[in-house]
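What follows is the content of target-v3.txt (compact mmCIF, C-alpha atoms).
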```txt
# COMPACT_ATOMS: atom_id res chain seq x y z
CA MET A 1148 -76.79 -162.23 87.00
CA PRO A 1149 -74.88 -165.40 86.10
CA TRP A 1150 -75.35 -166.97 89.53
CA ARG A 1151 -79.13 -166.56 89.49
CA GLU A 1152 -80.02 -169.62 87.39
CA SER A 1153 -83.62 -170.53 86.63
CA SER A 1154 -84.98 -173.76 88.02
CA VAL A 1155 -85.21 -175.16 84.47
CA VAL A 1156 -81.54 -174.53 83.70
CA SER A 1157 -80.44 -175.84 87.10
CA GLU A 1158 -82.45 -179.03 86.58
CA ARG A 1159 -80.74 -179.60 83.23
CA LEU A 1160 -77.31 -178.74 84.66
CA GLU A 1161 -77.77 -181.28 87.45
CA PHE A 1162 -78.76 -183.90 84.88
CA VAL A 1163 -75.67 -183.47 82.68
CA ARG A 1164 -73.35 -183.41 85.67
CA LEU A 1165 -74.77 -186.63 87.04
CA VAL A 1166 -74.44 -188.22 83.59
CA SER A 1167 -70.80 -187.11 83.37
CA GLU A 1168 -70.00 -189.12 86.50
CA GLY A 1169 -70.58 -192.26 84.43
CA VAL A 1170 -71.99 -194.18 87.41
CA VAL A 1171 -75.64 -194.41 86.37
CA SER A 1172 -76.68 -194.91 82.74
CA VAL A 1173 -78.23 -192.12 80.71
CA ALA A 1174 -81.41 -194.15 80.35
CA GLU A 1175 -81.72 -194.62 84.12
CA LEU A 1176 -81.08 -190.92 84.84
CA CYS A 1177 -83.67 -189.95 82.21
CA ARG A 1178 -86.15 -192.14 84.06
CA ARG A 1179 -85.25 -190.53 87.39
CA PHE A 1180 -85.63 -187.01 85.95
CA GLY A 1181 -88.89 -187.90 84.16
CA ILE A 1182 -87.66 -187.07 80.64
CA SER A 1183 -87.28 -189.03 77.41
CA ARG A 1184 -83.87 -190.27 76.34
CA GLN A 1185 -84.12 -188.06 73.25
CA THR A 1186 -84.52 -184.99 75.46
CA GLY A 1187 -81.66 -186.13 77.67
CA TYR A 1188 -79.29 -186.48 74.72
CA VAL A 1189 -80.34 -183.03 73.42
CA TRP A 1190 -79.30 -181.49 76.77
CA LEU A 1191 -76.01 -183.38 76.72
CA ARG A 1192 -75.20 -182.27 73.16
CA ARG A 1193 -76.00 -178.63 73.84
CA TYR A 1194 -73.92 -178.69 77.03
CA GLN A 1195 -70.95 -180.21 75.19
CA GLN A 1196 -71.17 -177.57 72.44
CA GLU A 1197 -72.01 -174.46 74.43
CA GLY A 1198 -71.52 -175.23 78.10
CA GLU A 1199 -74.11 -174.07 80.60
CA ALA A 1200 -75.42 -171.43 78.15
CA GLY A 1201 -76.65 -174.26 75.93
CA LEU A 1202 -79.11 -175.37 78.59
CA VAL A 1203 -81.25 -172.22 78.51
CA ASP A 1204 -84.38 -172.08 76.41
CA ARG A 1205 -83.57 -171.14 72.83
CA SER A 1206 -85.73 -168.04 73.07
CA ARG A 1207 -83.44 -166.55 75.70
CA ARG A 1208 -80.53 -164.37 74.67
CA PRO A 1209 -77.03 -165.55 75.72
CA ARG A 1210 -75.16 -163.56 78.30
CA SER A 1211 -72.10 -161.59 77.27
CA HIS A 1212 -68.83 -161.35 79.17
CA PRO A 1213 -66.99 -158.15 78.31
CA GLU A 1214 -63.46 -157.70 79.56
CA GLN A 1215 -63.36 -156.34 83.05
CA THR A 1216 -61.45 -153.30 84.21
CA PRO A 1217 -60.20 -152.97 87.79
CA GLU A 1218 -63.10 -150.61 88.52
CA ALA A 1219 -65.49 -153.11 87.05
CA MET A 1220 -63.96 -155.85 89.17
CA VAL A 1221 -64.56 -153.77 92.30
CA GLY A 1222 -68.15 -153.32 91.23
CA LEU A 1223 -68.49 -157.02 90.55
CA VAL A 1224 -67.09 -157.93 93.97
CA CYS A 1225 -69.49 -155.53 95.64
CA SER A 1226 -72.47 -156.80 93.67
CA VAL A 1227 -71.72 -160.40 94.66
CA ARG A 1228 -71.47 -159.33 98.28
CA ARG A 1229 -74.78 -157.46 98.10
CA ALA A 1230 -76.44 -160.52 96.59
CA HIS A 1231 -74.87 -162.85 99.18
CA ARG A 1232 -74.34 -160.83 102.32
CA ALA A 1233 -72.91 -163.73 104.33
CA TRP A 1234 -70.04 -164.36 101.90
CA GLY A 1235 -66.51 -163.27 102.77
CA GLY A 1236 -63.41 -162.69 100.66
CA ARG A 1237 -62.50 -166.35 100.15
CA LYS A 1238 -66.02 -167.35 99.16
CA ILE A 1239 -66.37 -164.46 96.70
CA ARG A 1240 -62.95 -165.14 95.15
CA GLY A 1241 -63.72 -168.82 94.64
CA PHE A 1242 -67.12 -167.97 93.19
CA LEU A 1243 -65.72 -165.45 90.69
CA LEU A 1244 -62.94 -167.80 89.61
CA ARG A 1245 -65.48 -170.54 89.10
CA GLN A 1246 -67.57 -168.16 87.01
CA GLY A 1247 -64.56 -167.78 84.68
CA HIS A 1248 -63.54 -164.24 85.59
CA THR A 1249 -59.88 -163.32 85.13
CA GLY A 1250 -57.90 -160.87 87.20
CA VAL A 1251 -59.74 -161.84 90.38
CA PRO A 1252 -57.81 -160.37 93.34
CA ALA A 1253 -56.68 -162.30 96.39
CA ALA A 1254 -59.19 -163.03 99.11
CA SER A 1255 -57.51 -160.53 101.43
CA THR A 1256 -57.81 -157.84 98.74
CA ILE A 1257 -61.48 -158.64 98.25
CA THR A 1258 -62.00 -158.29 101.99
CA GLN A 1259 -60.36 -154.84 101.85
CA ILE A 1260 -62.62 -153.86 98.93
CA LEU A 1261 -65.66 -154.88 100.95
CA ARG A 1262 -64.41 -153.01 104.00
CA ARG A 1263 -63.73 -149.81 102.01
CA ASN A 1264 -67.25 -149.96 100.61
CA GLY A 1265 -68.84 -150.52 103.99
CA LEU A 1266 -69.96 -154.05 103.10
CA VAL A 1267 -68.24 -156.05 105.82
CA SER A 1268 -67.88 -155.98 109.56
CA GLU A 1269 -65.44 -157.99 111.63
CA PRO A 1270 -67.06 -161.28 112.71
CA VAL A 1271 -66.73 -162.78 116.14
CA ARG A 1272 -64.96 -166.09 115.58
CA VAL A 1273 -65.43 -168.95 118.01
CA GLN A 1274 -62.52 -171.38 118.23
CA ARG A 1275 -63.55 -175.02 118.29
CA ASP A 1276 -61.47 -178.12 118.80
CA PHE A 1277 -62.72 -181.00 116.67
CA VAL A 1278 -61.61 -184.01 114.68
CA ARG A 1279 -62.67 -183.75 111.05
CA PHE A 1280 -64.37 -186.79 109.54
CA GLU A 1281 -65.41 -187.30 105.94
CA ALA A 1282 -66.88 -190.35 104.23
CA GLU A 1283 -64.46 -191.66 101.62
CA ALA A 1284 -66.89 -191.54 98.67
CA PRO A 1285 -70.32 -190.16 97.72
CA ASN A 1286 -73.35 -192.02 99.07
CA ARG A 1287 -71.36 -193.88 101.72
CA LEU A 1288 -73.06 -191.69 104.35
CA TRP A 1289 -75.92 -189.22 104.23
CA GLN A 1290 -76.85 -186.92 107.11
CA MET A 1291 -80.51 -186.15 107.74
CA ASP A 1292 -82.05 -183.61 110.11
CA PHE A 1293 -84.77 -181.06 110.78
CA LYS A 1294 -83.78 -177.50 111.54
CA GLY A 1295 -85.65 -175.54 114.19
CA TRP A 1296 -89.09 -174.48 112.99
CA VAL A 1297 -89.87 -171.12 111.38
CA THR A 1298 -93.18 -169.31 111.91
CA VAL A 1299 -94.61 -167.67 108.78
CA ARG A 1300 -97.06 -164.77 108.66
CA THR A 1301 -100.10 -167.05 108.66
CA GLY A 1302 -98.99 -168.44 112.02
CA GLN A 1303 -98.07 -171.80 110.51
CA ARG A 1304 -94.92 -173.49 111.76
CA VAL A 1305 -92.60 -174.65 108.98
CA HIS A 1306 -89.93 -177.26 109.68
CA PRO A 1307 -86.91 -177.08 107.32
CA PHE A 1308 -85.87 -180.65 106.48
CA GLY A 1309 -82.58 -181.48 104.80
CA VAL A 1310 -80.46 -184.41 103.60
CA LEU A 1311 -76.73 -183.93 102.93
CA ASP A 1312 -74.13 -186.24 101.38
CA ASP A 1313 -71.22 -186.44 103.84
CA HIS A 1314 -68.41 -186.75 101.28
CA SER A 1315 -69.40 -184.03 98.83
CA ARG A 1316 -71.65 -181.83 101.04
CA TYR A 1317 -74.19 -182.08 98.20
CA ASN A 1318 -77.65 -181.14 99.43
CA LEU A 1319 -80.04 -183.86 98.26
CA CYS A 1320 -83.21 -182.42 99.78
CA LEU A 1321 -84.31 -179.13 101.31
CA GLN A 1322 -88.00 -178.95 102.15
CA ALA A 1323 -90.19 -176.46 103.97
CA SER A 1324 -92.14 -179.20 105.71
CA ALA A 1325 -95.52 -178.69 107.35
CA ASN A 1326 -94.75 -181.33 110.00
CA GLN A 1327 -92.20 -183.86 111.23
CA GLN A 1328 -94.32 -186.96 110.80
CA THR A 1329 -93.17 -190.30 109.42
CA PRO A 1330 -95.34 -190.33 106.25
CA THR A 1331 -94.15 -186.84 105.33
CA VAL A 1332 -90.47 -187.67 105.78
CA ALA A 1333 -90.85 -191.00 104.00
CA GLY A 1334 -92.42 -189.16 101.08
CA TYR A 1335 -89.49 -186.76 100.84
CA LEU A 1336 -86.99 -189.62 101.07
CA THR A 1337 -88.81 -191.61 98.41
CA GLY A 1338 -88.33 -188.70 96.01
CA VAL A 1339 -84.65 -188.45 96.93
CA PHE A 1340 -84.08 -192.21 96.56
CA ASN A 1341 -85.84 -192.25 93.19
CA ARG A 1342 -83.56 -189.52 91.85
CA TYR A 1343 -80.20 -190.21 93.49
CA GLY A 1344 -80.40 -193.89 94.43
CA LEU A 1345 -79.82 -195.38 97.88
CA PRO A 1346 -76.96 -194.53 100.27
CA ASP A 1347 -75.01 -197.14 102.22
CA ARG A 1348 -75.80 -195.51 105.57
CA MET A 1349 -77.73 -192.58 107.03
CA LEU A 1350 -76.83 -190.58 110.13
CA MET A 1351 -79.50 -188.84 112.19
CA ASP A 1352 -80.11 -187.49 115.68
CA ASN A 1353 -82.33 -189.10 118.31
CA GLY A 1354 -85.46 -187.05 117.68
CA SER A 1355 -88.76 -187.90 116.03
CA PRO A 1356 -89.53 -189.46 113.60
CA TRP A 1357 -86.32 -191.48 113.36
CA GLY A 1358 -85.36 -191.85 117.00
CA HIS A 1359 -86.35 -191.36 120.60
CA THR A 1360 -85.08 -188.93 123.19
CA ARG A 1361 -84.10 -191.88 125.40
CA GLY A 1362 -81.84 -193.17 122.64
CA TYR A 1363 -84.07 -195.95 121.23
CA PRO A 1364 -83.11 -196.06 117.55
CA TRP A 1365 -86.00 -198.02 116.05
CA THR A 1366 -89.10 -196.34 114.68
CA PRO A 1367 -91.34 -197.16 111.69
CA LEU A 1368 -89.13 -194.86 109.59
CA THR A 1369 -85.80 -196.47 110.55
CA VAL A 1370 -87.29 -199.96 110.09
CA TRP A 1371 -88.31 -198.90 106.57
CA LEU A 1372 -84.76 -197.70 105.91
CA ALA A 1373 -83.44 -201.04 107.18
CA ASP A 1374 -85.87 -202.79 104.81
CA LEU A 1375 -84.23 -200.85 101.97
CA GLY A 1376 -80.78 -202.10 103.01
CA ILE A 1377 -79.63 -198.75 104.40
CA GLY A 1378 -77.46 -198.76 107.50
CA ILE A 1379 -78.78 -196.74 110.45
CA SER A 1380 -76.58 -194.55 112.66
CA HIS A 1381 -77.65 -192.18 115.43
CA ILE A 1382 -75.55 -189.53 117.11
CA ARG A 1383 -74.73 -189.84 120.77
CA PRO A 1384 -77.41 -188.11 122.88
CA PHE A 1385 -76.56 -184.43 123.50
CA HIS A 1386 -73.69 -184.51 120.95
CA PRO A 1387 -75.08 -182.65 117.88
CA GLN A 1388 -71.53 -182.03 116.63
CA THR A 1389 -71.56 -185.62 115.36
CA GLN A 1390 -73.77 -184.24 112.60
CA GLY A 1391 -71.37 -181.37 112.05
CA LYS A 1392 -71.86 -181.00 108.31
CA GLU A 1393 -75.65 -180.84 108.59
CA GLU A 1394 -75.36 -178.43 111.51
CA ARG A 1395 -72.99 -176.26 109.46
CA PHE A 1396 -75.46 -176.36 106.57
CA HIS A 1397 -78.17 -175.14 108.94
CA ARG A 1398 -76.02 -172.17 110.00
CA THR A 1399 -75.43 -171.32 106.36
CA LEU A 1400 -79.15 -171.59 105.69
CA ASP A 1401 -79.77 -169.19 108.56
CA LEU A 1402 -77.24 -166.64 107.33
CA GLU A 1403 -78.00 -166.77 103.62
CA VAL A 1404 -81.73 -167.45 103.51
CA LEU A 1405 -83.77 -167.27 106.71
CA THR A 1406 -82.43 -163.90 107.87
CA GLU A 1407 -83.31 -162.32 104.52
CA HIS A 1408 -86.83 -161.62 105.80
CA PRO A 1409 -87.87 -160.74 109.36
CA ILE A 1410 -90.94 -162.90 108.71
CA TRP A 1411 -91.87 -165.02 105.70
CA ASP A 1412 -95.29 -164.70 104.10
CA SER A 1413 -95.98 -168.41 103.60
CA ALA A 1414 -94.50 -171.87 103.40
CA THR A 1415 -94.61 -171.55 99.60
CA GLN A 1416 -92.47 -168.42 99.65
CA LEU A 1417 -90.01 -170.18 101.96
CA GLN A 1418 -89.87 -173.25 99.70
CA ASP A 1419 -89.14 -171.05 96.68
CA ALA A 1420 -86.24 -169.53 98.59
CA PHE A 1421 -85.03 -173.00 99.59
CA ASP A 1422 -85.11 -174.15 95.95
CA ASP A 1423 -83.07 -171.13 94.83
CA PHE A 1424 -80.56 -171.61 97.63
CA ARG A 1425 -80.19 -175.34 96.96
CA ARG A 1426 -79.25 -174.67 93.34
CA LEU A 1427 -76.79 -171.99 94.39
CA TYR A 1428 -75.29 -174.12 97.17
CA ASN A 1429 -74.84 -177.26 95.08
CA HIS A 1430 -73.69 -175.81 91.77
CA HIS A 1431 -72.28 -172.29 92.19
CA ARG A 1432 -71.25 -171.55 95.78
CA PRO A 1433 -67.70 -172.79 96.50
CA HIS A 1434 -67.37 -174.83 99.67
CA GLU A 1435 -64.16 -173.93 101.47
CA ALA A 1436 -63.83 -177.39 103.03
CA LEU A 1437 -63.64 -178.85 99.51
CA GLY A 1438 -61.33 -176.32 97.84
CA GLU A 1439 -61.18 -172.72 96.69
CA THR A 1440 -63.38 -173.14 93.63
CA ILE A 1441 -64.96 -176.53 94.31
CA VAL A 1442 -68.72 -176.82 94.72
CA PRO A 1443 -70.55 -179.90 96.09
CA ALA A 1444 -71.74 -180.90 92.60
CA ASP A 1445 -68.10 -181.34 91.54
CA ARG A 1446 -67.68 -184.16 94.04
CA TYR A 1447 -71.09 -185.79 93.97
CA GLN A 1448 -72.24 -188.67 91.80
CA PRO A 1449 -75.49 -190.63 92.02
CA SER A 1450 -75.68 -194.01 93.70
CA THR A 1451 -75.77 -197.18 91.63
CA ARG A 1452 -78.16 -198.72 94.18
CA GLN A 1453 -81.65 -198.22 92.77
CA PHE A 1454 -84.75 -197.62 94.86
CA PRO A 1455 -86.66 -200.94 94.63
CA THR A 1456 -90.23 -201.20 93.42
CA GLN A 1457 -90.89 -203.63 96.29
CA LEU A 1458 -89.05 -204.44 99.50
CA PRO A 1459 -86.79 -207.51 99.50
CA PRO A 1460 -87.97 -210.53 101.53
CA ILE A 1461 -86.79 -210.89 105.12
CA THR A 1462 -84.37 -213.80 105.38
CA TYR A 1463 -81.92 -215.02 108.01
CA PRO A 1464 -78.82 -217.23 107.77
CA PRO A 1465 -78.92 -220.93 108.70
CA GLY A 1466 -78.85 -221.60 112.43
CA THR A 1467 -80.91 -218.50 113.26
CA GLN A 1468 -83.96 -218.99 115.47
CA VAL A 1469 -86.78 -217.04 113.79
CA ARG A 1470 -89.74 -215.68 115.73
CA LYS A 1471 -92.63 -213.46 114.65
CA VAL A 1472 -93.35 -210.38 116.72
CA SER A 1473 -96.94 -210.25 117.92
CA SER A 1474 -99.38 -207.36 117.68
CA ASP A 1475 -98.44 -206.30 121.22
CA ALA A 1476 -94.76 -206.01 120.14
CA ARG A 1477 -93.61 -209.18 121.96
CA PHE A 1478 -92.12 -212.53 120.95
CA SER A 1479 -91.78 -215.88 122.70
CA PHE A 1480 -88.52 -217.80 123.02
CA GLN A 1481 -87.63 -220.84 125.10
CA GLY A 1482 -90.76 -220.53 127.20
CA HIS A 1483 -90.38 -216.84 127.97
CA THR A 1484 -91.81 -213.64 126.48
CA TYR A 1485 -89.69 -210.65 125.49
CA ARG A 1486 -90.47 -207.21 124.13
CA ALA A 1487 -89.19 -206.39 120.62
CA GLY A 1488 -90.64 -202.90 120.18
CA LYS A 1489 -93.68 -201.51 118.36
CA PRO A 1490 -91.88 -200.87 115.01
CA PHE A 1491 -91.38 -204.64 114.62
CA ARG A 1492 -94.98 -205.72 115.14
CA GLY A 1493 -95.94 -208.47 112.68
CA LYS A 1494 -92.35 -208.89 111.45
CA PRO A 1495 -90.01 -211.90 111.75
CA ILE A 1496 -86.90 -211.42 113.86
CA GLY A 1497 -83.86 -213.68 114.23
CA LEU A 1498 -82.04 -214.87 117.37
CA ARG A 1499 -78.45 -216.07 117.36
CA SER A 1500 -76.62 -217.56 120.30
CA THR A 1501 -73.50 -215.90 121.68
CA THR A 1502 -70.44 -217.38 123.35
CA THR A 1503 -72.06 -216.61 126.70
CA PRO A 1504 -74.46 -219.40 127.75
CA GLY A 1505 -78.07 -218.26 127.84
CA THR A 1506 -77.34 -215.00 126.00
CA TRP A 1507 -78.82 -214.36 122.55
CA ASN A 1508 -78.50 -211.49 120.10
CA VAL A 1509 -81.73 -210.42 118.41
CA TYR A 1510 -81.65 -209.17 114.82
CA TYR A 1511 -83.98 -207.57 112.35
CA ARG A 1512 -82.55 -208.42 108.94
CA ASN A 1513 -78.84 -207.78 109.54
CA HIS A 1514 -79.39 -205.13 112.22
CA HIS A 1515 -78.78 -205.99 115.87
CA ILE A 1516 -81.75 -204.69 117.85
CA LYS A 1517 -81.16 -206.07 121.35
CA THR A 1518 -79.60 -208.81 123.49
CA ILE A 1519 -81.62 -211.10 125.76
CA THR A 1520 -80.67 -213.53 128.49
CA THR A 1521 -82.71 -216.68 128.97
CA ILE A 1522 -83.04 -218.58 132.20
CA VAL A 1523 -80.84 -221.70 131.96
```
Using structure tokens, write down the structure from this file.
Amino acid sequence: MPWRESSVVSERLEFVRLVSEGVVSVAELCRRFGISRQTGYVWLRRYQQEGEAGLVDRSRRPRSHPEQTPEAMVGLVCSVRRAHRAWGGRKIRGFLLRQGHTGVPAASTITQILRRNGLVSEPVRVQRDFVRFEAEAPNRLWQMDFKGWVTVRTGQRVHPFGVLDDHSRYNLCLQASANQQTPTVAGYLTGVFNRYGLPDRMLMDNGSPWGHTRGYPWTPLTVWLADLGIGISHIRPFHPQTQGKEERFHRTLDLEVLTEHPIWDSATQLQDAFDDFRRLYNHHRPHEALGETIVPADRYQPSTRQFPTQLPPITYPPGTQVRKVSSDARFSFQGHTYRAGKPFRGKPIGLRSTTTPGTWNVYYRNHHIKTITTIV
């Protein structure tokens, strides 16, 4: 079926689409994808000449697209629904239009087709009052979160981990993670940063490993992100709707992937399903919040901010009082000792006076971490 792309074709399709944005050079994208420039230009030439069909291996036979009859269209609508049982009329219409089909009926007609063929039931819709927010451009804000764990047949708990671009809804990472530990998450993010570049800011909840249930935002992971020049934002405690796009992605993942099996055999099987869904979600599945036929890949482009080979030095502007945090997470200032927090152990912090006598703001790089009051 045309929407079931192989991982090889999807990898090449993502490459040519990122090149077409014109933000990152072909040479840099070839480096990020681990291919030679010669190979990259071959993919680009084939895509320009033949479209997506040019990205398949030459040994594979091209798909044909015979003219559809109304009966064939009904069959096509039903087959899409059977393949994607959570899709409704609007999603199927946008998908078929994007696939290049002509004579696609209205969404309401598609819904009637599904109903006549026993493929749809009336959903229970929950009305929600909310204010919609969207970052003004790709990579201005990424949302990051773990979904609730899934137990596979071996008894292992798997923790779905995802990163989503706020503007385009492009899924940058979807991993069946064995744990929620800092080294694991940092490893995933390193791969994402190497391929897509760095975002301006990342939004996350207050859970481990990037926060604390009491609302303390600094952990070894968020300090590392600050070292990379990425802004850190946390949602208000007990307000998950602040991460609405990531939460919505999790509901879609539930409906279209996780419920496909009552129990998954292994983390590997789950990761394979995640990989297939990520390609579908980014490149073929229309997102109604973006437009009838628009997919996240249509709106995403890679960041021009490259992942550095080494962290930049820690510097502070003139007039800043610099102190080094000790091994017990404390620093001394004006004859008194204050706690900075374990993530800052061994690092220099900066203190700047405020307009209030005896009150100082404490910074790590350009991030405000706390305010202290000295005894005058």
Per residue of stretch 1347-1425 of chain A within 10 Å of stretch 1331-1343 of chain A, what are the shortest atom pair and its distance in Å to one decimal, counting all atoms listed in the file, with rows by chain and residue number, as JSON lines?
```
{"residue": "A:Pro1356", "atom": "CA", "partner": "A:Val1332", "partner_atom": "CA", "distance": 8.1}
{"residue": "A:Trp1357", "atom": "CA", "partner": "A:Val1332", "partner_atom": "CA", "distance": 9.4}
{"residue": "A:Pro1367", "atom": "CA", "partner": "A:Ala1333", "partner_atom": "CA", "distance": 9.9}
{"residue": "A:Leu1368", "atom": "CA", "partner": "A:Ala1333", "partner_atom": "CA", "distance": 7.0}
{"residue": "A:Thr1369", "atom": "CA", "partner": "A:Ala1333", "partner_atom": "CA", "distance": 9.9}
{"residue": "A:Trp1371", "atom": "CA", "partner": "A:Ala1333", "partner_atom": "CA", "distance": 8.7}
{"residue": "A:Leu1372", "atom": "CA", "partner": "A:Ala1333", "partner_atom": "CA", "distance": 9.3}
```
Practice task
Tell me, as a count of residues only, which residues lie within 8 Å of stretch 1230-1242 of chain A, counting all atoms listed in the file; anything in the same chain fewer than 2 positions away does not count.
Solution key: 25
Handout entry: Residues near stretch 1186-1195 of chain A, cut-off 12 Å, all atoms listed in the file, skip fewer than 6 positions along chain, as a list in words
Key =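 In the requested form, the answer reads Val1155, Val1156, Ser1157, Glu1158, Arg1159, Leu1160, Glu1161, Phe1162, Val1163, Arg1164, Leu1165, Val1166, Ser1167, Ser1172, Val1173, Ala1174, Glu1175, Leu1176, Cys1177, Arg1178, Arg1179, Phe1180, Gly1201, Leu1202, Val1203, Asp1204 and Arg1205 of chain A.
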Problem - Nearest-residue call for A:Gly1358, choices A:Glu1199, A:Glu1394, A:Asp1292, A:Asp1419, using only C-alpha atoms - result: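 Closest to A:Gly1358, using only C-alpha atoms: A:Asp1292.
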Fill in the blank from the handout: atom CA of A:Leu1498 to atom CA of A:Tyr1363 measures 19.4 Å
Handout entry: For atom CA of A:Arg1426 and atom CA of A:Phe1293, the interatomic separation in Å (one decimal)
Key = 19.4 Å
Practice task
Have a look at A:Leu1288, A:Val1221, A:Val1171, A:Val1297 and name the one nearest to A:Ile1379; count all atoms listed in the file.
Solution key: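 Ranked by minimum distance to A:Ile1379, first place goes to A:Leu1288.
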Exercise for the section: Calculate how many Å separate atom CA of A:Ala1325 from atom CA of A:Thr1298, rounding to one decimal. Expected result: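 Atom CA of A:Thr1298 lies 10.7 Å from atom CA of A:Ala1325.
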Practice task
Would you mind listing what lies within 7 Å of A:Cys1320 as a ChimeraX atom specification, with all atoms listed in the file counted and same-chain residues fewer than 2 positions away left out?
Solution key: /A:1309-1310,1318,1322,1339
Problem - Selected residue, from A:Phe1308, A:Phe1396, A:Tyr1317, A:Trp1296, that lies nearest to A:Asp1445 when counting all atoms listed in the file - result: A:Tyr1317
